[in-house]
Amino acid sequence: MVQSIYEIHDPRFNSLIHRNAGTDLLWEGGRWCEGPAYLAAGKYLVWSDIPNDRLMRWDECDGNVSVFKQPCNNHNGHTVDLEGRLVSCEHRSRCVSRIEHDGHTTILADKYEGKKLNSPNDLVVKSDGSIWFTDPSYGIDSEYEGDAAPSEIDANNVYRIDPDGTLTMVIDDMVQPNGLAFSPDESLLYVADTGMTHVPECAPVIRAYPVDGKTVGAGQFYAECDVGLFDGFRVDTNGNVWSSAGDGVHCYAPDGTLLGKILVDEVVANVVFGGPKKNRLFICATTTMRSIYVNAIGAAR
Ligand code: MG
């Protein structure tokens, strides 16, 4: 008997999956796949293979996978901004950058109050064009995913880049802020804390921070991961959170209830919705890129 890849924790999960849909293996051969972004106009997916210092590209039209950029300063997270440009977190150059329409790269942020950022990890674009990103220490902890270096800021924070380039620190109470995403109405910013990698007693949680325009309130507990850690995640149009975890992809309702899991036999680092209907979930699973069709649509950002 074939083992189901689905774990149903709440009946609501049944309406979010297609039981006869399996996981597609799109590519294998990475070391730590992260940071997926789907570019609708080009019909392709990009993602980072961080230790191999390369950015990969999967062509939706023919299924080919090729190297998009190498070396790439150990890119990590990616997203697509309001103008369809790829925005990237770079470990080795310790910055957030953007590829412009003409192909050249612009550095959007690399210092906070005159000190180098640690190693931007993941990012999200808000409807006002601002870019919100996390800055944990993983890219400066060793030579594996960047260049080992001390933290100049001596803290792991979350920041916002306004359209005019102003950089503002918005969250400073996490150990290792990592994945992040807004609720569909942008009233909440969800942020994962992977601080357990450095502080064993740090619970592997996602917190929800109330956001009013540029103002960020106190974070509240949203969900705790029961296998491994939450790294990157995305939100669907109904506000469900689809998160990476140690045993696959976990799906949580807006109230934090674990609805179900898509089991994957490698640790999952990040996910993104893509495809023409934004109902295909792309899964970065350690050494592989996979996908699965779900009955949910990725939120606009
Ligand atoms: Mg991450």
# chains A, B, ... in the order shown; residues from 1 in each chain; ligands from 1
call {"tool": "residues_near_ligand", "arguments": {"ligand": "ligand 1", "cutoff": "8 Å", "atoms": "only C-alpha atoms and all ligand atoms", "output": "ChimeraX atom specification"}}
result
/A:34-35,76-77,121-122,178-179,231-232,269-270
call {"tool": "residues_around", "arguments": {"residues": "Lys126 (chain A)", "least_positions_apart": "5", "cutoff": "12 Å", "atoms": "only C-alpha atoms", "output": "PyMOL selection string"}}
result
chain A and resi 79-82+131-133+160-163+180-189+211-214+299-301
call {"tool": "write_last_selection", "arguments": {"atoms": "N, CA and C atoms", "output": "mmCIF file, in the first residue's frame"}}
result
data_model
loop_
_atom_site.group_PDB
_atom_site.id
_atom_site.type_symbol
_atom_site.label_atom_id
_atom_site.label_comp_id
_atom_site.auth_asym_id
_atom_site.auth_seq_id
_atom_site.Cartn_x
_atom_site.Cartn_y
_atom_site.Cartn_z
ATOM 1 N N THR A 79 12.084 37.452 -3.855
ATOM 2 C CA THR A 79 10.682 37.757 -4.105
ATOM 3 C C THR A 79 10.618 38.616 -5.371
ATOM 4 N N VAL A 80 9.403 38.855 -5.812
ATOM 5 C CA VAL A 80 9.188 39.665 -7.011
ATOM 6 C C VAL A 80 8.457 40.928 -6.576
ATOM 7 N N ASP A 81 8.970 42.091 -6.982
ATOM 8 C CA ASP A 81 8.355 43.336 -6.516
ATOM 9 C C ASP A 81 7.158 43.739 -7.374
ATOM 10 N N LEU A 82 6.603 44.903 -7.096
ATOM 11 C CA LEU A 82 5.366 45.329 -7.754
ATOM 12 C C LEU A 82 5.553 45.558 -9.242
ATOM 13 N N ILE A 131 9.918 47.014 1.151
ATOM 14 C CA ILE A 131 10.493 45.665 1.200
ATOM 15 C C ILE A 131 10.858 45.369 2.643
ATOM 16 N N TRP A 132 10.340 44.268 3.157
ATOM 17 C CA TRP A 132 10.575 43.874 4.545
ATOM 18 C C TRP A 132 11.458 42.635 4.531
ATOM 19 N N PHE A 133 12.541 42.656 5.310
ATOM 20 C CA PHE A 133 13.450 41.504 5.268
ATOM 21 C C PHE A 133 14.009 41.173 6.646
ATOM 22 N N ARG A 160 12.722 47.277 7.268
ATOM 23 C CA ARG A 160 11.876 47.692 6.147
ATOM 24 C C ARG A 160 12.663 48.689 5.290
ATOM 25 N N ILE A 161 12.617 48.471 3.973
ATOM 26 C CA ILE A 161 13.185 49.449 3.036
ATOM 27 C C ILE A 161 12.011 50.171 2.382
ATOM 28 N N ASP A 162 11.911 51.463 2.604
ATOM 29 C CA ASP A 162 10.843 52.233 1.956
ATOM 30 C C ASP A 162 11.193 52.502 0.497
ATOM 31 N N PRO A 163 10.195 52.807 -0.317
ATOM 32 C CA PRO A 163 10.473 53.075 -1.736
ATOM 33 C C PRO A 163 11.517 54.167 -1.948
ATOM 34 N N LEU A 180 9.268 35.208 6.376
ATOM 35 C CA LEU A 180 8.256 36.196 6.746
ATOM 36 C C LEU A 180 7.265 36.371 5.591
ATOM 37 N N ALA A 181 6.048 36.757 5.963
ATOM 38 C CA ALA A 181 4.992 36.978 4.968
ATOM 39 C C ALA A 181 3.882 37.781 5.625
ATOM 40 N N PHE A 182 3.153 38.537 4.809
ATOM 41 C CA PHE A 182 2.007 39.290 5.303
ATOM 42 C C PHE A 182 0.734 38.472 5.166
ATOM 43 N N SER A 183 -0.214 38.721 6.057
ATOM 44 C CA SER A 183 -1.563 38.207 5.849
ATOM 45 C C SER A 183 -2.131 38.893 4.614
ATOM 46 N N PRO A 184 -3.185 38.325 3.995
ATOM 47 C CA PRO A 184 -3.697 38.921 2.747
ATOM 48 C C PRO A 184 -4.068 40.400 2.868
ATOM 49 N N ASP A 185 -4.594 40.816 4.019
ATOM 50 C CA ASP A 185 -4.964 42.230 4.187
ATOM 51 C C ASP A 185 -3.816 43.075 4.744
ATOM 52 N N GLU A 186 -2.662 42.448 4.915
ATOM 53 C CA GLU A 186 -1.440 43.109 5.393
ATOM 54 C C GLU A 186 -1.589 43.693 6.798
ATOM 55 N N SER A 187 -2.554 43.190 7.553
ATOM 56 C CA SER A 187 -2.689 43.649 8.937
ATOM 57 C C SER A 187 -1.764 42.889 9.871
ATOM 58 N N LEU A 188 -1.210 41.777 9.395
ATOM 59 C CA LEU A 188 -0.289 40.975 10.208
ATOM 60 C C LEU A 188 0.959 40.666 9.400
ATOM 61 N N LEU A 189 2.096 40.743 10.074
ATOM 62 C CA LEU A 189 3.346 40.252 9.490
ATOM 63 C C LEU A 189 3.749 39.014 10.275
ATOM 64 N N VAL A 211 0.408 45.039 12.017
ATOM 65 C CA VAL A 211 0.999 46.113 11.213
ATOM 66 C C VAL A 211 -0.096 47.096 10.831
ATOM 67 N N ASP A 212 0.191 48.381 11.072
ATOM 68 C CA ASP A 212 -0.723 49.442 10.660
ATOM 69 C C ASP A 212 0.099 50.437 9.855
ATOM 70 N N GLY A 213 0.034 50.314 8.543
ATOM 71 C CA GLY A 213 0.901 51.156 7.716
ATOM 72 C C GLY A 213 2.351 50.769 7.945
ATOM 73 N N LYS A 214 3.104 51.706 8.528
ATOM 74 C CA LYS A 214 4.510 51.433 8.812
ATOM 75 C C LYS A 214 4.723 51.036 10.274
ATOM 76 N N ALA A 299 -1.458 34.224 -2.104
ATOM 77 C CA ALA A 299 -1.840 35.626 -1.936
ATOM 78 C C ALA A 299 -0.950 36.493 -2.823
ATOM 79 N N ALA A 300 -1.389 37.707 -3.056
ATOM 80 C CA ALA A 300 -0.733 38.564 -4.035
ATOM 81 C C ALA A 300 0.763 38.691 -3.763
ATOM 82 N N ARG A 301 1.147 38.785 -2.519
ATOM 83 C CA ARG A 301 2.560 38.912 -2.190
ATOM 84 C C ARG A 301 2.930 37.938 -1.109
#
call {"tool": "closest_residue", "arguments": {"among": "A:Glu145, A:Thr106, A:Ala223, A:Pro276", "to": "Ala253 (chain A)", "atoms": "only C-alpha atoms"}}
result
A:Ala223
call {"tool": "closest_residue", "arguments": {"among": "A:Val124, A:Ser48, A:Cys251, A:Gly146", "to": "His91 (chain A)", "atoms": "only C-alpha atoms"}}
result
A:Gly146
call {"tool": "select_by_dssp", "arguments": {"residues": "region 12-211 of chain A", "states": "strand (DSSP E)", "output": "NGL selection string"}}
result
:A and (24-28 or 33-39 or 44-49 or 54-59 or 65-69 or 75-80 or 86-90 or 95-99 or 105-109 or 111-112 or 115-116 or 123-125 or 131-135 or 157-161 or 167-171 or 177-182 or 188-193 or 205-211)
call {"tool": "closest_residue", "arguments": {"among": "A:Glu90, A:Asp49, A:Asp236, A:Glu113", "to": "Lys278 (chain A)", "atoms": "only C-alpha atoms"}}
result
A:Asp236
call {"tool": "residues_around", "arguments": {"residues": "Val227 (chain A)", "least_positions_apart": "3", "cutoff": "9 Å", "atoms": "only C-alpha atoms", "output": "VMD selection string"}}
result
chain A and resid 230 245 to 248
call {"tool": "write_last_selection", "arguments": {"atoms": "C-alpha atoms", "output": "short mmCIF file (atom, residue, chain, number, x, y, z; two decimals), in the first residue's frame"}}
result
data_model
loop_
_atom_site.label_atom_id
_atom_site.label_comp_id
_atom_site.auth_asym_id
_atom_site.auth_seq_id
_atom_site.Cartn_x
_atom_site.Cartn_y
_atom_site.Cartn_z
CA PHE A 230 9.80 26.81 10.39
CA ALA A 245 9.20 22.25 8.33
CA GLY A 246 11.43 19.32 9.15
CA ASP A 247 9.03 16.73 7.76
CA GLY A 248 7.56 18.61 4.80
#
call {"tool": "closest_residue", "arguments": {"among": "A:Ala203, A:Leu16, A:Ala218, A:Glu143", "to": "Asp173 (chain A)", "atoms": "only C-alpha atoms"}}
result
A:Ala218
call {"tool": "select_by_dssp", "arguments": {"residues": "region 6-198 of chain A", "states": "alpha helix (DSSP H)", "output": "NGL selection string"}}
result
:A and (138-141)
call {"tool": "write_last_selection", "arguments": {"atoms": "all heavy atoms", "output": "mmCIF file, in the first residue's frame"}}
result
data_model
loop_
_atom_site.group_PDB
_atom_site.id
_atom_site.type_symbol
_atom_site.label_atom_id
_atom_site.label_comp_id
_atom_site.auth_asym_id
_atom_site.auth_seq_id
_atom_site.Cartn_x
_atom_site.Cartn_y
_atom_site.Cartn_z
ATOM 1 N N TYR A 138 23.060 33.552 9.775
ATOM 2 C CA TYR A 138 23.496 32.296 9.138
ATOM 3 C C TYR A 138 24.570 32.483 8.063
ATOM 4 O O TYR A 138 25.447 31.649 7.913
ATOM 5 C CB TYR A 138 22.284 31.558 8.554
ATOM 6 C CG TYR A 138 21.301 31.140 9.623
ATOM 7 C CD1 TYR A 138 20.067 31.757 9.745
ATOM 8 C CD2 TYR A 138 21.627 30.149 10.538
ATOM 9 C CE1 TYR A 138 19.176 31.414 10.740
ATOM 10 C CE2 TYR A 138 20.739 29.797 11.544
ATOM 11 C CZ TYR A 138 19.517 30.432 11.647
ATOM 12 O OH TYR A 138 18.644 30.092 12.646
ATOM 13 N N GLY A 139 24.507 33.562 7.334
ATOM 14 C CA GLY A 139 25.463 33.766 6.249
ATOM 15 C C GLY A 139 26.825 34.248 6.696
ATOM 16 O O GLY A 139 27.760 34.296 5.880
ATOM 17 N N ILE A 140 26.960 34.614 7.978
ATOM 18 C CA ILE A 140 28.282 35.020 8.498
ATOM 19 C C ILE A 140 28.753 34.098 9.605
ATOM 20 O O ILE A 140 29.796 34.325 10.206
ATOM 21 C CB ILE A 140 28.277 36.491 9.001
ATOM 22 C CG1 ILE A 140 27.195 36.703 10.065
ATOM 23 C CG2 ILE A 140 28.098 37.445 7.828
ATOM 24 C CD1 ILE A 140 27.264 38.076 10.747
ATOM 25 N N ASP A 141 27.985 33.032 9.873
ATOM 26 C CA ASP A 141 28.369 32.090 10.935
ATOM 27 C C ASP A 141 29.535 31.200 10.518
ATOM 28 O O ASP A 141 30.267 30.686 11.368
ATOM 29 C CB ASP A 141 27.183 31.182 11.307
ATOM 30 C CG ASP A 141 26.146 31.901 12.153
ATOM 31 O OD1 ASP A 141 26.485 32.959 12.720
ATOM 32 O OD2 ASP A 141 25.006 31.405 12.244
#
call {"tool": "closest_residue", "arguments": {"among": "A:Ala37, A:Leu108, A:Ile5, A:Cys72", "to": "Arg57 (chain A)", "atoms": "only C-alpha atoms"}}
result
A:Ala37
call {"tool": "residues_around", "arguments": {"residues": "Tyr252 (chain A)", "least_positions_apart": "3", "cutoff": "8 Å", "atoms": "only C-alpha atoms", "output": "PDB file with C-alpha atoms, in the first residue's frame"}}
result
ATOM      1  CA  ALA A 223       2.167  28.514  15.699  1.00  0.00           C
ATOM      2  CA  ASN A 240      -3.744  30.001   5.494  1.00  0.00           C
ATOM      3  CA  VAL A 241      -0.004  29.768   6.134  1.00  0.00           C
ATOM      4  CA  TRP A 242       1.943  27.133   4.169  1.00  0.00           C
ATOM      5  CA  ASP A 255      -6.228  31.118  13.852  1.00  0.00           C
ATOM      6  CA  GLY A 256      -3.019  29.072  14.084  1.00  0.00           C
ATOM      7  CA  THR A 257      -4.635  25.623  13.951  1.00  0.00           C
ATOM      8  CA  LEU A 258      -2.490  22.999  12.212  1.00  0.00           C
ATOM      9  CA  LEU A 259      -4.722  21.859   9.351  1.00  0.00           C
ATOM     10  CA  GLY A 260      -2.444  19.297   7.775  1.00  0.00           C
TER      11      GLY A 260
END
call {"tool": "residues_around", "arguments": {"residues": "Asp172 (chain A)", "least_positions_apart": "4", "cutoff": "10 Å", "atoms": "only C-alpha atoms", "output": "count of residues only"}}
result
7
call {"tool": "atom_distance", "arguments": {"atom1": "CA of Gly219 (chain A)", "atom2": "CA of Val125 (chain A)"}}
result
19.4 Å
call {"tool": "atom_distance", "arguments": {"atom1": "CA of His250 (chain A)", "atom2": "CA of Ile262 (chain A)"}}
result
6.5 Å
call {"tool": "residues_around", "arguments": {"residues": "Met56 (chain A)", "least_positions_apart": "3", "cutoff": "9 Å", "atoms": "only C-alpha atoms", "output": "PyMOL selection string"}}
result
chain A and resi 45-49+65-70
call {"tool": "write_last_selection", "arguments": {"atoms": "C-alpha atoms", "output": "PDB file, in the first residue's frame"}}
result
ATOM      1  CA  LEU A  45      11.023  29.755 -11.179  1.00  0.00           C
ATOM      2  CA  VAL A  46      14.302  30.765  -9.591  1.00  0.00           C
ATOM      3  CA  TRP A  47      15.778  29.559  -6.342  1.00  0.00           C
ATOM      4  CA  SER A  48      19.053  29.558  -4.451  1.00  0.00           C
ATOM      5  CA  ASP A  49      21.443  26.653  -4.016  1.00  0.00           C
ATOM      6  CA  VAL A  65      16.697  23.526 -15.202  1.00  0.00           C
ATOM      7  CA  SER A  66      19.770  25.663 -15.721  1.00  0.00           C
ATOM      8  CA  VAL A  67      22.067  27.938 -13.771  1.00  0.00           C
ATOM      9  CA  PHE A  68      20.687  31.476 -13.741  1.00  0.00           C
ATOM     10  CA  LYS A  69      23.692  33.061 -12.001  1.00  0.00           C
ATOM     11  CA  GLN A  70      26.958  31.735 -10.552  1.00  0.00           C
TER      12      GLN A  70
END
call {"tool": "closest_residue", "arguments": {"among": "A:Glu224, A:Asp128, A:Asp10, A:Asp53", "to": "Cys202 (chain A)", "atoms": "only C-alpha atoms"}}
result
A:Glu224
call {"tool": "residues_around", "arguments": {"residues": "region 21-23 of chain A", "least_positions_apart": "4", "cutoff": "8 Å", "atoms": "only C-alpha atoms", "output": "PyMOL selection string"}}
result
chain A and resi 5+17+290-294
call {"tool": "write_last_selection", "arguments": {"atoms": "N, CA and C atoms", "output": "mmCIF file, in the first residue's frame"}}
result
data_model
loop_
_atom_site.group_PDB
_atom_site.id
_atom_site.type_symbol
_atom_site.label_atom_id
_atom_site.label_comp_id
_atom_site.auth_asym_id
_atom_site.auth_seq_id
_atom_site.Cartn_x
_atom_site.Cartn_y
_atom_site.Cartn_z
ATOM 1 N N ILE A 5 0.997 10.946 1.175
ATOM 2 C CA ILE A 5 1.895 12.052 1.492
ATOM 3 C C ILE A 5 1.187 13.106 2.332
ATOM 4 N N ILE A 17 -6.449 20.389 -0.529
ATOM 5 C CA ILE A 17 -5.531 19.504 -1.268
ATOM 6 C C ILE A 17 -6.306 18.723 -2.332
ATOM 7 N N ARG A 290 10.809 20.566 -5.761
ATOM 8 C CA ARG A 290 9.619 19.762 -6.024
ATOM 9 C C ARG A 290 8.426 20.708 -6.166
ATOM 10 N N SER A 291 7.315 20.146 -6.602
ATOM 11 C CA SER A 291 6.097 20.950 -6.667
ATOM 12 C C SER A 291 4.895 20.057 -6.462
ATOM 13 N N ILE A 292 3.795 20.693 -6.094
ATOM 14 C CA ILE A 292 2.544 19.962 -5.925
ATOM 15 C C ILE A 292 1.388 20.934 -6.167
ATOM 16 N N TYR A 293 0.367 20.472 -6.851
ATOM 17 C CA TYR A 293 -0.827 21.294 -7.032
ATOM 18 C C TYR A 293 -1.691 21.187 -5.781
ATOM 19 N N VAL A 294 -2.130 22.325 -5.286
ATOM 20 C CA VAL A 294 -3.008 22.368 -4.121
ATOM 21 C C VAL A 294 -4.276 23.142 -4.483
#
